[in-house]
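Step one of this worksheet: look at the structure below.
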Amino acid sequence: MNSPKVSVIIPVYGVEKYIERCARSLFEQTLEDIEYIFVDDCTPDNSISILRKVLSEYPNREKQVKILHHEINKGLAQARQTGLKIASGEYIAHCDSDDWVDKDLYKIAHNKAKSESLDVVVYEGERTNGQNGVKISSACCHSIDKCLTSMMHRKMWWSLCNKIIKREIYNNNIIYPQD
């Protein structure tokens with residue numbers, strides 16, 4: 001079996017107000033060859049029940065979804081690390097569970113990565129309260145060194161949620177600090 005083109009890692013904790021919109025935006029992606037990894041970090045609310053209900057409305061996506069459970073709350077960084085350990089996609093994307101994405105996002109990002117042989121594709125985002133938004137633009141970069149430099153000089157939004165990154169980059173012992 002071939003690896004998916006993109007693995008999307010979504011930590012879940014205390015987002016019952018947002019998880020439905022997030023999940024729908026993910027399950028409606030135009031990229032078919034995609035893997036979704038939801039990491040339940042011991043959420044104290046109904047986020048996982050809501051996620052399962054939404055997933056039941058997208059039966060064609062069920063085989064592409066993995067829901068992992070932490071035994072104890074470990075925090076955002078460890079939830080991402082847990083997802084990374086099992087991600088099998090050629091590229092890794094991170095989506096916070098209170099975010100939503102355009103339906104073509106991962107298809108466009110993956111096509112750009114492949115057509116230009118990129119390790120990282122950075123896309124614009126928008127900070128919003130659901131009514132008012134502010135565009136967040138990012139510098140374009142063609143190498144890891146340039147991306148890191150751009151982030152350090154605040155020319156690029158540092159969030160993981162506006163990038164797809166080639167999975168083999170993570171094979172260089174990149175970990176998320178727990179503290």
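Here's how to read the names in the structure tokens: chain A, B, ... by the order shown, residue numbers from 1 in each chain, ligand numbers from 1 in the order shown.
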
Hey, what's within 6 Å of region 82-95 of chain A if we count only C-alpha atoms and toss same-chain stuff fewer than 4 positions away? As a PDB file with C-alpha atoms, in the first residue's frame, please?
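Printed below is selection-v5.pdb as written:
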ATOM      1  CA  SER A   3       1.838   6.121   1.708  1.00  0.00           C
ATOM      2  CA  PRO A   4      -0.611   9.007   1.659  1.00  0.00           C
ATOM      3  CA  LYS A   5       0.538  12.254   0.116  1.00  0.00           C
ATOM      4  CA  VAL A   6      -0.152  14.262   3.291  1.00  0.00           C
ATOM      5  CA  SER A   7      -0.655  13.339   6.950  1.00  0.00           C
ATOM      6  CA  VAL A   8      -2.529  15.959   8.963  1.00  0.00           C
ATOM      7  CA  ILE A   9      -1.949  15.868  12.730  1.00  0.00           C
ATOM      8  CA  ILE A  10      -4.677  17.412  14.879  1.00  0.00           C
ATOM      9  CA  LEU A 160       3.258  24.840  12.189  1.00  0.00           C
ATOM     10  CA  CYS A 161      -0.343  25.238  11.030  1.00  0.00           C
ATOM     11  CA  ILE A 164       3.440  21.210   4.950  1.00  0.00           C
ATOM     12  CA  ILE A 165       6.856  19.724   5.627  1.00  0.00           C
ATOM     13  CA  LYS A 166       8.442  16.731   3.980  1.00  0.00           C
ATOM     14  CA  ARG A 167       8.283  13.850   6.459  1.00  0.00           C
TER      15      ARG A 167
END

Across A:Lys163, A:Trp100, A:Cys42, A:Val54, the smallest distance to Tyr123 (chain A), with only C-alpha atoms counted, is shown by A:Lys163

Contacts of Arg24 (chain A) within 10 Å, only C-alpha atoms, excl. fewer than 5 positions in-chain, as a list in words: Ile19, Gln29, Leu51, Val54, Leu55, Glu57, Tyr58, Trp100, Val101 and Lys103 of chain A

All heavy atoms of the current selection, written as a PDB file, in the first residue's frame:
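The result, stored in result.pdb:
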ATOM      1  N   ILE A  19     -14.481  21.814  17.082  1.00  0.00           N
ATOM      2  CA  ILE A  19     -14.025  20.596  16.404  1.00  0.00           C
ATOM      3  C   ILE A  19     -14.902  20.221  15.212  1.00  0.00           C
ATOM      4  O   ILE A  19     -14.402  19.700  14.213  1.00  0.00           O
ATOM      5  CB  ILE A  19     -13.900  19.404  17.396  1.00  0.00           C
ATOM      6  CG1 ILE A  19     -13.170  18.226  16.756  1.00  0.00           C
ATOM      7  CG2 ILE A  19     -15.253  18.977  17.932  1.00  0.00           C
ATOM      8  CD1 ILE A  19     -11.715  18.441  16.504  1.00  0.00           C
ATOM      9  N   GLN A  29     -11.663  17.982   2.128  1.00  0.00           N
ATOM     10  CA  GLN A  29     -10.496  18.292   1.306  1.00  0.00           C
ATOM     11  C   GLN A  29     -10.627  17.649  -0.074  1.00  0.00           C
ATOM     12  O   GLN A  29     -11.101  16.517  -0.199  1.00  0.00           O
ATOM     13  CB  GLN A  29      -9.211  17.797   1.980  1.00  0.00           C
ATOM     14  CG  GLN A  29      -8.790  18.614   3.171  1.00  0.00           C
ATOM     15  CD  GLN A  29      -8.421  20.030   2.771  1.00  0.00           C
ATOM     16  OE1 GLN A  29      -7.508  20.269   2.006  1.00  0.00           O
ATOM     17  NE2 GLN A  29      -9.177  20.986   3.305  1.00  0.00           N
ATOM     18  N   LEU A  51     -16.391  14.750  17.158  1.00  0.00           N
ATOM     19  CA  LEU A  51     -15.545  14.334  16.038  1.00  0.00           C
ATOM     20  C   LEU A  51     -16.082  13.040  15.422  1.00  0.00           C
ATOM     21  O   LEU A  51     -16.217  12.930  14.201  1.00  0.00           O
ATOM     22  CB  LEU A  51     -14.101  14.148  16.504  1.00  0.00           C
ATOM     23  CG  LEU A  51     -13.161  13.481  15.514  1.00  0.00           C
ATOM     24  CD1 LEU A  51     -13.006  14.309  14.238  1.00  0.00           C
ATOM     25  CD2 LEU A  51     -11.797  13.237  16.172  1.00  0.00           C
ATOM     26  N   VAL A  54     -19.249  13.669  13.394  1.00  0.00           N
ATOM     27  CA  VAL A  54     -18.951  14.293  12.101  1.00  0.00           C
ATOM     28  C   VAL A  54     -18.350  13.255  11.151  1.00  0.00           C
ATOM     29  O   VAL A  54     -18.736  13.163   9.989  1.00  0.00           O
ATOM     30  CB  VAL A  54     -18.005  15.504  12.269  1.00  0.00           C
ATOM     31  CG1 VAL A  54     -17.549  16.031  10.914  1.00  0.00           C
ATOM     32  CG2 VAL A  54     -18.678  16.607  13.079  1.00  0.00           C
ATOM     33  N   LEU A  55     -17.409  12.460  11.646  1.00  0.00           N
ATOM     34  CA  LEU A  55     -16.773  11.441  10.813  1.00  0.00           C
ATOM     35  C   LEU A  55     -17.807  10.469  10.244  1.00  0.00           C
ATOM     36  O   LEU A  55     -17.690  10.047   9.082  1.00  0.00           O
ATOM     37  CB  LEU A  55     -15.709  10.686  11.606  1.00  0.00           C
ATOM     38  CG  LEU A  55     -14.990   9.568  10.866  1.00  0.00           C
ATOM     39  CD1 LEU A  55     -14.304  10.085   9.599  1.00  0.00           C
ATOM     40  CD2 LEU A  55     -13.974   8.907  11.798  1.00  0.00           C
ATOM     41  N   GLU A  57     -20.540  11.079   9.106  1.00  0.00           N
ATOM     42  CA  GLU A  57     -21.169  11.701   7.941  1.00  0.00           C
ATOM     43  C   GLU A  57     -20.264  11.681   6.705  1.00  0.00           C
ATOM     44  O   GLU A  57     -20.687  12.093   5.629  1.00  0.00           O
ATOM     45  CB  GLU A  57     -21.556  13.143   8.280  1.00  0.00           C
ATOM     46  CG  GLU A  57     -22.587  13.246   9.391  1.00  0.00           C
ATOM     47  CD  GLU A  57     -22.837  14.677   9.829  1.00  0.00           C
ATOM     48  OE1 GLU A  57     -22.680  15.598   8.981  1.00  0.00           O
ATOM     49  OE2 GLU A  57     -23.181  14.882  11.009  1.00  0.00           O
ATOM     50  N   TYR A  58     -19.042  11.213   6.878  1.00  0.00           N
ATOM     51  CA  TYR A  58     -18.068  11.129   5.775  1.00  0.00           C
ATOM     52  C   TYR A  58     -17.502   9.707   5.724  1.00  0.00           C
ATOM     53  O   TYR A  58     -16.318   9.491   5.983  1.00  0.00           O
ATOM     54  CB  TYR A  58     -16.926  12.139   5.996  1.00  0.00           C
ATOM     55  CG  TYR A  58     -17.382  13.578   5.988  1.00  0.00           C
ATOM     56  CD1 TYR A  58     -17.850  14.184   7.147  1.00  0.00           C
ATOM     57  CD2 TYR A  58     -17.358  14.318   4.808  1.00  0.00           C
ATOM     58  CE1 TYR A  58     -18.276  15.505   7.149  1.00  0.00           C
ATOM     59  CE2 TYR A  58     -17.782  15.645   4.795  1.00  0.00           C
ATOM     60  CZ  TYR A  58     -18.238  16.224   5.971  1.00  0.00           C
ATOM     61  OH  TYR A  58     -18.659  17.535   5.962  1.00  0.00           O
ATOM     62  N   TRP A 100      -9.865  25.932  10.869  1.00  0.00           N
ATOM     63  CA  TRP A 100     -10.490  25.316   9.709  1.00  0.00           C
ATOM     64  C   TRP A 100      -9.706  25.750   8.487  1.00  0.00           C
ATOM     65  O   TRP A 100      -9.015  26.759   8.506  1.00  0.00           O
ATOM     66  CB  TRP A 100     -11.979  25.646   9.595  1.00  0.00           C
ATOM     67  CG  TRP A 100     -12.302  27.093   9.387  1.00  0.00           C
ATOM     68  CD1 TRP A 100     -12.470  27.728   8.193  1.00  0.00           C
ATOM     69  CD2 TRP A 100     -12.488  28.095  10.387  1.00  0.00           C
ATOM     70  NE1 TRP A 100     -12.768  29.055   8.384  1.00  0.00           N
ATOM     71  CE2 TRP A 100     -12.779  29.308   9.737  1.00  0.00           C
ATOM     72  CE3 TRP A 100     -12.437  28.089  11.778  1.00  0.00           C
ATOM     73  CZ2 TRP A 100     -13.024  30.486  10.416  1.00  0.00           C
ATOM     74  CZ3 TRP A 100     -12.686  29.267  12.456  1.00  0.00           C
ATOM     75  CH2 TRP A 100     -12.975  30.448  11.771  1.00  0.00           C
ATOM     76  N   VAL A 101      -9.776  24.940   7.450  1.00  0.00           N
ATOM     77  CA  VAL A 101      -8.943  25.175   6.271  1.00  0.00           C
ATOM     78  C   VAL A 101      -9.778  25.153   5.000  1.00  0.00           C
ATOM     79  O   VAL A 101     -10.836  24.527   4.944  1.00  0.00           O
ATOM     80  CB  VAL A 101      -7.799  24.135   6.175  1.00  0.00           C
ATOM     81  CG1 VAL A 101      -6.842  24.277   7.348  1.00  0.00           C
ATOM     82  CG2 VAL A 101      -8.333  22.719   6.106  1.00  0.00           C
ATOM     83  N   LYS A 103     -10.940  24.051   1.410  1.00  0.00           N
ATOM     84  CA  LYS A 103     -11.086  22.672   0.926  1.00  0.00           C
ATOM     85  C   LYS A 103     -10.002  22.239  -0.054  1.00  0.00           C
ATOM     86  O   LYS A 103      -9.770  21.044  -0.235  1.00  0.00           O
ATOM     87  CB  LYS A 103     -12.465  22.462   0.300  1.00  0.00           C
ATOM     88  CG  LYS A 103     -12.670  23.226  -0.990  1.00  0.00           C
ATOM     89  CD  LYS A 103     -14.039  22.978  -1.567  1.00  0.00           C
ATOM     90  CE  LYS A 103     -14.169  23.736  -2.878  1.00  0.00           C
ATOM     91  NZ  LYS A 103     -15.376  23.388  -3.588  1.00  0.00           N
TER      92      LYS A 103
END

For Glu71 (chain A), work out the shell of residues within 10 Å, counting only C-alpha atoms and skipping chain neighbours fewer than 3 positions away, then give it as a list in words.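 Counting only the stated atoms, we get Asp40, Asp41, Cys42, Leu68 and Lys74 of chain A.
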
Store the residues picked out above, limited to all heavy atoms, as a PDB file, in the first residue's frame.
ATOM      1  N   ASP A  40      -6.238  12.654  20.950  1.00  0.00           N
ATOM      2  CA  ASP A  40      -7.029  13.040  22.114  1.00  0.00           C
ATOM      3  C   ASP A  40      -6.086  13.147  23.307  1.00  0.00           C
ATOM      4  O   ASP A  40      -5.600  12.147  23.812  1.00  0.00           O
ATOM      5  CB  ASP A  40      -8.114  11.992  22.360  1.00  0.00           C
ATOM      6  CG  ASP A  40      -8.906  12.234  23.629  1.00  0.00           C
ATOM      7  OD1 ASP A  40      -8.738  13.299  24.262  1.00  0.00           O
ATOM      8  OD2 ASP A  40      -9.697  11.339  23.990  1.00  0.00           O
ATOM      9  N   ASP A  41      -5.842  14.370  23.744  1.00  0.00           N
ATOM     10  CA  ASP A  41      -4.933  14.600  24.868  1.00  0.00           C
ATOM     11  C   ASP A  41      -5.728  14.685  26.171  1.00  0.00           C
ATOM     12  O   ASP A  41      -5.598  15.633  26.935  1.00  0.00           O
ATOM     13  CB  ASP A  41      -4.125  15.886  24.616  1.00  0.00           C
ATOM     14  CG  ASP A  41      -2.929  16.007  25.543  1.00  0.00           C
ATOM     15  OD1 ASP A  41      -2.396  14.973  25.977  1.00  0.00           O
ATOM     16  OD2 ASP A  41      -2.542  17.158  25.839  1.00  0.00           O
ATOM     17  N   CYS A  42      -6.580  13.676  26.376  1.00  0.00           N
ATOM     18  CA  CYS A  42      -7.445  13.593  27.564  1.00  0.00           C
ATOM     19  C   CYS A  42      -8.402  14.773  27.651  1.00  0.00           C
ATOM     20  O   CYS A  42      -8.582  15.384  28.712  1.00  0.00           O
ATOM     21  CB  CYS A  42      -6.626  13.481  28.842  1.00  0.00           C
ATOM     22  SG  CYS A  42      -5.641  11.988  28.946  1.00  0.00           S
ATOM     23  N   LEU A  68      -6.055   8.717  18.214  1.00  0.00           N
ATOM     24  CA  LEU A  68      -5.171   8.208  19.252  1.00  0.00           C
ATOM     25  C   LEU A  68      -5.552   8.829  20.588  1.00  0.00           C
ATOM     26  O   LEU A  68      -6.055   9.957  20.631  1.00  0.00           O
ATOM     27  CB  LEU A  68      -3.719   8.559  18.923  1.00  0.00           C
ATOM     28  CG  LEU A  68      -3.234   8.193  17.507  1.00  0.00           C
ATOM     29  CD1 LEU A  68      -1.802   8.680  17.315  1.00  0.00           C
ATOM     30  CD2 LEU A  68      -3.328   6.704  17.279  1.00  0.00           C
ATOM     31  N   LYS A  74      -0.775  15.441  28.181  1.00  0.00           N
ATOM     32  CA  LYS A  74       0.653  15.695  27.973  1.00  0.00           C
ATOM     33  C   LYS A  74       0.919  17.052  27.344  1.00  0.00           C
ATOM     34  O   LYS A  74       2.057  17.455  27.223  1.00  0.00           O
ATOM     35  CB  LYS A  74       1.249  14.597  27.091  1.00  0.00           C
ATOM     36  CG  LYS A  74       1.187  13.221  27.717  1.00  0.00           C
ATOM     37  CD  LYS A  74       1.809  12.180  26.811  1.00  0.00           C
ATOM     38  CE  LYS A  74       1.753  10.810  27.462  1.00  0.00           C
ATOM     39  NZ  LYS A  74       2.401   9.807  26.612  1.00  0.00           N
TER      40      LYS A  74
END

Would you mind telling me which residue in A:Arg52, A:Arg80, A:Lys17, A:Lys112 lies nearest to Ile67 (chain A) when using only C-alpha atoms?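 Checking each of A:Arg52, A:Arg80, A:Lys17, A:Lys112 against Ile67 (chain A), counting only C-alpha atoms, the winner is A:Arg52.
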
To test your reading of the structure, identify every residue in region 2-102 of chain A that backbone DSSP assigns to helix (DSSP H, G or I), and report it as a PyMOL selection string. chain A and resi 19-27+47-56+59-64+76-86

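Between His110 (chain A) and the candidates A:Val122, A:Phe27, A:Glu168, A:Gln81, the tightest atom-to-atom separation, counting only C-alpha atoms, involves A:Val122.
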
What is the distance, in Å and to one decimal place, between CA of Leu31 (chain A) and CA of Tyr106 (chain A)? 6.3 Å

Which one is closest to Tyr18 (chain A): A:Val120, A:Asp98, A:Ser115, A:Tyr170? Count only C-alpha atoms.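 Distance minimum relative to Tyr18 (chain A) lands on A:Asp98.
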